[in-house]
Amino acid sequence: MKYRRNEPLSKHTSYKIGGPADYLCQPKSLTELKSALQFAKNNKLPVAVIGSGTNLLAPDEGFRGLVIKFGQALNGISIKGSQVTVGSGVTIAQLLSILAHKRLGGLEFLASIPGSIGGAVVMNAGAWGDEIGKHIIKIEAVTKEGKIRTITQRQMHFKYRSSILQKQPWIVVSVTLKLSKKKKTVLQKMIKNYLALRREKHPLGQPNCGSVFKNPARKLAPLPAGKLIESAGLKGLKVGQAQVSKKHANFIVNLGGATAQDVTQLIQLVQKAVWKRFKIKLEPEVKTMVEF
């Protein structure tokens, strides 16, 4: 396994933002993942873990340590009846394509979300009124010490865009899901429709991280985050080369050369403006890369 030196994180995030990591590796197996953790331990390196980098804001100064990226690694898929075990590096698009071919449904709502399954589980990704946590039986994870741990759905403490994995130093290596039989043509049509909605509503032509803010609880706000931001007159607001999207206000896009500082300052301006107008505190959904 290759350890890249001074690797720009901007190459590994959908935002195209981020300074160099001292080391970056892409383990292709559980053995290589354990080897990477041992490498970090032997060299006393802090560790950060990323998936496809689609919901991540990497710091301008980079990361002083080892970044472990999954991407296409750990990409096995095992199907037994309606139970599917998926490696954390499998992309959502890959999984949905295979499931449709096998006539297994339940996750079509994820078609509007980029990234890997591992990242989707950590964030309890969801759309159109559903979320991945509802379909999970268990996950397999590796601890910082390199030990395997099985975590059940109940132990995951899934909530809106949240799971126990955001608080514990565990790395997802596989996810076991409970799905249901559906016609292949029905699944393909549903996936196609969700993708069309995404293309219509989201600024896919510009680097972004997806939704920047969580939608407030309905009892606190009558509108989702994007509509609150739009109603506050913030569409098109810029800091440096970061801009509140003119197409969907809950997206901040990189116009070219935006920095993490630009994005962070813009997030803070949006929060202040929405609070001033509606007395509603917007909570960021995008994650800043931190030590594992």
# chains A, B, ... in the order shown; residues from 1 in each chain; ligands from 1
>>> residues_around(residues="stretch 189-203 of chain A", least_positions_apart="3", cutoff="10 Å", atoms="only C-alpha atoms", output="PyMOL selection string")
chain A and resi 93+96-97+100+105+107-113+127-128+184-186+206-208+210-211+245-253
>>> write_last_selection(atoms="N, CA and C atoms", output="short mmCIF file (atom, residue, chain, number, x, y, z; two decimals), in the first residue's frame")
data_model
loop_
_atom_site.label_atom_id
_atom_site.label_comp_id
_atom_site.auth_asym_id
_atom_site.auth_seq_id
_atom_site.Cartn_x
_atom_site.Cartn_y
_atom_site.Cartn_z
N ALA A 93 -24.16 5.03 -5.82
CA ALA A 93 -24.57 4.76 -7.19
C ALA A 93 -24.32 3.31 -7.58
N LEU A 96 -26.89 0.97 -5.69
CA LEU A 96 -28.25 1.04 -6.21
C LEU A 96 -28.37 0.34 -7.55
N SER A 97 -27.34 0.44 -8.38
CA SER A 97 -27.36 -0.23 -9.67
C SER A 97 -27.41 -1.75 -9.50
N ALA A 100 -30.86 -2.86 -7.99
CA ALA A 100 -31.93 -2.85 -8.99
C ALA A 100 -31.84 -4.10 -9.86
N GLY A 105 -35.16 -3.58 -3.21
CA GLY A 105 -35.47 -2.17 -3.03
C GLY A 105 -35.50 -1.72 -1.59
N LEU A 107 -33.73 1.43 -0.81
CA LEU A 107 -32.75 2.51 -0.70
C LEU A 107 -32.79 3.49 -1.87
N GLU A 108 -33.85 3.44 -2.67
CA GLU A 108 -33.91 4.27 -3.87
C GLU A 108 -33.77 5.76 -3.55
N PHE A 109 -34.25 6.19 -2.38
CA PHE A 109 -34.17 7.59 -1.99
C PHE A 109 -32.74 8.11 -1.95
N LEU A 110 -31.77 7.21 -1.79
CA LEU A 110 -30.36 7.61 -1.74
C LEU A 110 -29.82 8.01 -3.11
N ALA A 111 -30.59 7.77 -4.16
CA ALA A 111 -30.12 8.09 -5.51
C ALA A 111 -29.82 9.57 -5.67
N SER A 112 -30.36 10.39 -4.81
CA SER A 112 -30.11 11.83 -4.91
C SER A 112 -28.90 12.26 -4.10
N ILE A 113 -28.18 11.28 -3.51
CA ILE A 113 -27.07 11.61 -2.62
C ILE A 113 -25.77 11.01 -3.15
N ALA A 127 -33.10 11.37 2.46
CA ALA A 127 -33.74 12.29 1.54
C ALA A 127 -35.17 11.82 1.33
N TRP A 128 -36.01 12.77 0.94
CA TRP A 128 -37.40 12.44 0.59
C TRP A 128 -38.12 11.67 1.70
N LYS A 184 -37.62 -4.92 -11.03
CA LYS A 184 -36.45 -4.19 -11.53
C LYS A 184 -36.86 -2.91 -12.25
N THR A 185 -37.90 -2.97 -13.06
CA THR A 185 -38.34 -1.79 -13.80
C THR A 185 -38.84 -0.69 -12.87
N VAL A 186 -39.50 -1.09 -11.79
CA VAL A 186 -40.00 -0.12 -10.81
C VAL A 186 -38.83 0.57 -10.12
N GLN A 206 -21.25 22.91 -10.17
CA GLN A 206 -20.24 23.63 -9.41
C GLN A 206 -19.82 22.81 -8.19
N PRO A 207 -18.54 22.85 -7.81
CA PRO A 207 -18.10 22.10 -6.63
C PRO A 207 -18.89 22.50 -5.38
N ASN A 208 -19.41 21.51 -4.67
CA ASN A 208 -20.17 21.77 -3.44
C ASN A 208 -20.12 20.53 -2.57
N GLY A 210 -23.02 19.32 -1.03
CA GLY A 210 -24.39 18.95 -0.74
C GLY A 210 -25.01 19.95 0.21
N SER A 211 -26.05 19.54 0.91
CA SER A 211 -26.72 20.44 1.85
C SER A 211 -25.76 20.88 2.95
N SER A 245 -25.57 29.27 -3.25
CA SER A 245 -26.03 28.95 -4.59
C SER A 245 -27.29 29.73 -4.98
N LYS A 246 -27.30 30.20 -6.21
CA LYS A 246 -28.48 30.89 -6.74
C LYS A 246 -29.56 29.89 -7.14
N LYS A 247 -29.20 28.61 -7.20
CA LYS A 247 -30.15 27.58 -7.59
C LYS A 247 -30.83 26.95 -6.38
N HIS A 248 -30.08 26.74 -5.31
CA HIS A 248 -30.62 26.13 -4.08
C HIS A 248 -29.86 26.75 -2.91
N ALA A 249 -30.58 27.47 -2.06
CA ALA A 249 -29.92 28.28 -1.03
C ALA A 249 -29.26 27.47 0.08
N ASN A 250 -29.54 26.16 0.18
CA ASN A 250 -28.87 25.36 1.20
C ASN A 250 -27.58 24.73 0.66
N PHE A 251 -27.10 25.25 -0.46
CA PHE A 251 -25.83 24.83 -1.02
C PHE A 251 -24.89 26.03 -1.06
N ILE A 252 -23.65 25.80 -0.68
CA ILE A 252 -22.60 26.80 -0.87
C ILE A 252 -21.66 26.24 -1.91
N VAL A 253 -21.43 26.98 -2.98
CA VAL A 253 -20.63 26.48 -4.09
C VAL A 253 -19.26 27.17 -4.13
#
>>> residues_around(residues="A:Ser29", least_positions_apart="4", cutoff="12 Å", atoms="only C-alpha atoms", output="number ranges by chain")
A: 1, 25, 33-36, 69-76, 87-89, 142, 173-174
>>> residues_around(residues="A:Glu291", least_positions_apart="4", cutoff="8 Å", atoms="only C-alpha atoms", output="list in words")
Pro46, Val47, Ala48 and Val49 of chain A
>>> closest_residue(among="A:Pro222, A:Pro169, A:Gly126, A:Pro20", to="A:Arg64", atoms="only C-alpha atoms")
A:Pro20
>>> residues_around(residues="A:Lys44", least_positions_apart="5", cutoff="12 Å", atoms="only C-alpha atoms", output="ChimeraX atom specification")
/A:36-39,64-66
>>> write_last_selection(atoms="N, CA, C and O atoms", output="CSV table (one decimal), in the first residue's frame")
chain,number,residue,atom,x,y,z
A,36,ALA,N,-2.4,0.4,8.1
A,36,ALA,CA,-2.3,1.9,8.1
A,36,ALA,C,-2.4,2.4,9.6
A,36,ALA,O,-1.7,3.4,9.9
A,37,LEU,N,-3.3,1.8,10.4
A,37,LEU,CA,-3.4,2.3,11.8
A,37,LEU,C,-2.1,2.0,12.5
A,37,LEU,O,-1.7,2.8,13.4
A,38,GLN,N,-1.5,0.9,12.2
A,38,GLN,CA,-0.2,0.5,12.9
A,38,GLN,C,0.9,1.5,12.4
A,38,GLN,O,1.7,1.9,13.2
A,39,PHE,N,0.9,1.9,11.2
A,39,PHE,CA,1.9,2.8,10.6
A,39,PHE,C,1.7,4.1,11.4
A,39,PHE,O,2.7,4.8,11.8
A,64,ARG,N,-1.9,17.5,9.5
A,64,ARG,CA,-0.6,17.0,10.0
A,64,ARG,C,-0.7,15.6,10.6
A,64,ARG,O,-0.8,15.4,11.8
A,65,GLY,N,-0.7,14.7,9.7
A,65,GLY,CA,-0.8,13.3,10.1
A,65,GLY,C,-1.1,12.4,8.9
A,65,GLY,O,-0.8,12.7,7.8
A,66,LEU,N,-1.8,11.3,9.2
A,66,LEU,CA,-2.2,10.3,8.1
A,66,LEU,C,-3.7,10.4,7.9
A,66,LEU,O,-4.5,10.3,8.8
>>> closest_residue(among="A:Lys138, A:Met123, A:Ile79, A:Ala258", to="A:His101", atoms="only C-alpha atoms")
A:Ile79
>>> residues_around(residues="A:Thr176", least_positions_apart="3", cutoff="8 Å", atoms="only C-alpha atoms", output="number ranges by chain")
A: 83-86, 136-139
>>> atom_distance(atom1="atom CA of A:Gln261", atom2="atom CA of A:Gly62")
12.3 Å
>>> closest_residue(among="A:Val270, A:Val212, A:Val175, A:Ala58", to="A:Val121", atoms="only C-alpha atoms")
A:Val175
>>> closest_residue(among="A:Leu234, A:Leu228, A:Met289, A:Ala217", to="A:Leu57", atoms="only C-alpha atoms")
A:Met289
>>> closest_residue(among="A:Lys214, A:Arg5, A:Lys178, A:Lys147", to="A:Gly81", atoms="only C-alpha atoms")
A:Lys178
>>> select_by_dssp(residues="stretch 118-147 of chain A", states="alpha helix (DSSP H)", output="MDAnalysis selection string")
chainID A and resid 118:123
>>> write_last_selection(atoms="C-alpha atoms", output="compact mmCIF listing (two decimals), in the first residue's frame")
# COMPACT_ATOMS: atom_id res chain seq x y z
CA GLY A 118 -19.61 4.28 4.84
CA GLY A 119 -20.07 8.03 4.83
CA ALA A 120 -23.83 7.64 4.40
CA VAL A 121 -23.99 5.48 7.53
CA VAL A 122 -21.89 7.84 9.65
CA MET A 123 -24.17 10.76 8.68
>>> select_by_dssp(residues="stretch 68-138 of chain A", states="strand (DSSP E or B)", output="list in words")
Ile68, Lys69, Ile77, Ser78, Ile79, Lys80, Gln83, Val84, Thr85, Val86, Gly87, Thr91, Leu104, Gly105, Ser116, Gly126, Ala127, Asp130, Glu131, Ile136, Ile137 and Lys138 of chain A
>>> write_last_selection(atoms="N, CA and C atoms", output="short mmCIF file (atom, residue, chain, number, x, y, z; two decimals), in the first residue's frame")
data_model
loop_
_atom_site.label_atom_id
_atom_site.label_comp_id
_atom_site.auth_asym_id
_atom_site.auth_seq_id
_atom_site.Cartn_x
_atom_site.Cartn_y
_atom_site.Cartn_z
N ILE A 68 -6.65 8.52 6.03
CA ILE A 68 -7.04 7.24 5.44
C ILE A 68 -8.29 7.47 4.61
N LYS A 69 -8.19 7.22 3.32
CA LYS A 69 -9.33 7.41 2.43
C LYS A 69 -9.81 6.06 1.90
N ILE A 77 -19.63 -6.72 -2.03
CA ILE A 77 -21.07 -6.78 -1.81
C ILE A 77 -21.48 -8.24 -1.76
N SER A 78 -22.18 -8.61 -0.67
CA SER A 78 -22.66 -9.98 -0.49
C SER A 78 -24.17 -9.95 -0.29
N ILE A 79 -24.90 -10.79 -1.06
CA ILE A 79 -26.36 -10.79 -1.00
C ILE A 79 -26.86 -12.18 -0.62
N LYS A 80 -27.66 -12.23 0.44
CA LYS A 80 -28.31 -13.47 0.88
C LYS A 80 -29.79 -13.18 1.07
N GLN A 83 -31.13 -9.78 2.47
CA GLN A 83 -30.12 -9.20 3.36
C GLN A 83 -28.83 -8.95 2.56
N VAL A 84 -28.34 -7.71 2.64
CA VAL A 84 -27.18 -7.32 1.83
C VAL A 84 -26.09 -6.76 2.73
N THR A 85 -24.86 -7.27 2.58
CA THR A 85 -23.72 -6.75 3.31
C THR A 85 -22.81 -6.02 2.32
N VAL A 86 -22.51 -4.77 2.63
CA VAL A 86 -21.82 -3.88 1.70
C VAL A 86 -20.56 -3.32 2.35
N GLY A 87 -19.45 -3.33 1.61
CA GLY A 87 -18.23 -2.68 2.09
C GLY A 87 -18.40 -1.19 2.13
N THR A 91 -19.76 2.92 -3.57
CA THR A 91 -20.51 4.17 -3.75
C THR A 91 -22.01 3.88 -3.76
N LEU A 104 -33.86 -5.74 -5.57
CA LEU A 104 -33.94 -5.45 -4.14
C LEU A 104 -34.13 -3.95 -3.94
N GLY A 105 -35.16 -3.58 -3.21
CA GLY A 105 -35.47 -2.17 -3.03
C GLY A 105 -35.50 -1.72 -1.59
N SER A 116 -20.08 7.58 -0.57
CA SER A 116 -19.94 6.15 -0.28
C SER A 116 -20.91 5.72 0.80
N GLY A 126 -30.04 10.79 4.36
CA GLY A 126 -31.44 10.61 4.01
C GLY A 126 -31.92 11.64 3.02
N ALA A 127 -33.10 11.37 2.46
CA ALA A 127 -33.74 12.29 1.54
C ALA A 127 -35.17 11.82 1.33
N ASP A 130 -36.90 9.62 4.07
CA ASP A 130 -36.34 8.34 4.51
C ASP A 130 -34.87 8.54 4.85
N GLU A 131 -34.29 7.56 5.54
CA GLU A 131 -32.87 7.63 5.91
C GLU A 131 -32.31 6.22 6.00
N ILE A 136 -30.74 -0.52 8.32
CA ILE A 136 -29.51 -1.20 8.76
C ILE A 136 -29.81 -2.24 9.84
N ILE A 137 -29.18 -3.39 9.70
CA ILE A 137 -29.25 -4.43 10.73
C ILE A 137 -28.07 -4.28 11.69
N LYS A 138 -26.88 -4.14 11.11
CA LYS A 138 -25.67 -4.00 11.93
C LYS A 138 -24.57 -3.43 11.06
#
>>> closest_residue(among="A:Gly115, A:Gly53, A:Pro216, A:Gly18", to="A:Thr259", atoms="only C-alpha atoms")
A:Gly18
>>> atom_distance(atom1="atom CA of A:Asp262", atom2="atom CA of A:Ser162")
25.5 Å
>>> residues_around(residues="A:Cys209", least_positions_apart="5", cutoff="6 Å", atoms="only C-alpha atoms", output="compact mmCIF listing (two decimals) with all heavy atoms, in the first residue's frame")
# COMPACT_ATOMS: atom_id res chain seq x y z
N SER A 14 -15.30 16.85 -2.68
CA SER A 14 -16.17 17.37 -3.74
C SER A 14 -16.14 18.90 -3.78
O SER A 14 -16.48 19.50 -4.80
CB SER A 14 -17.61 16.89 -3.52
OG SER A 14 -18.12 17.33 -2.27
N TYR A 15 -15.72 19.53 -2.70
CA TYR A 15 -15.59 20.99 -2.65
C TYR A 15 -14.36 21.50 -3.41
O TYR A 15 -14.24 22.68 -3.70
CB TYR A 15 -15.48 21.45 -1.19
CG TYR A 15 -16.64 22.26 -0.69
CD1 TYR A 15 -17.07 22.13 0.62
CD2 TYR A 15 -17.30 23.17 -1.51
CE1 TYR A 15 -18.15 22.86 1.10
CE2 TYR A 15 -18.36 23.91 -1.04
CZ TYR A 15 -18.78 23.75 0.26
OH TYR A 15 -19.85 24.48 0.73
N THR A 54 -17.61 13.86 0.06
CA THR A 54 -18.72 14.63 -0.50
C THR A 54 -19.45 15.48 0.54
O THR A 54 -20.29 16.29 0.18
CB THR A 54 -19.74 13.69 -1.16
OG1 THR A 54 -20.13 12.68 -0.23
CG2 THR A 54 -19.14 13.02 -2.39
N ASN A 55 -19.18 15.29 1.80
CA ASN A 55 -19.85 16.08 2.83
C ASN A 55 -18.80 16.64 3.79
O ASN A 55 -19.00 16.73 4.98
CB ASN A 55 -20.85 15.21 3.60
CG ASN A 55 -21.75 16.03 4.50
OD1 ASN A 55 -22.25 17.08 4.11
ND2 ASN A 55 -21.95 15.58 5.72
>>> atom_distance(atom1="atom CA of A:Ala221", atom2="atom CA of A:Gly129")
16.6 Å
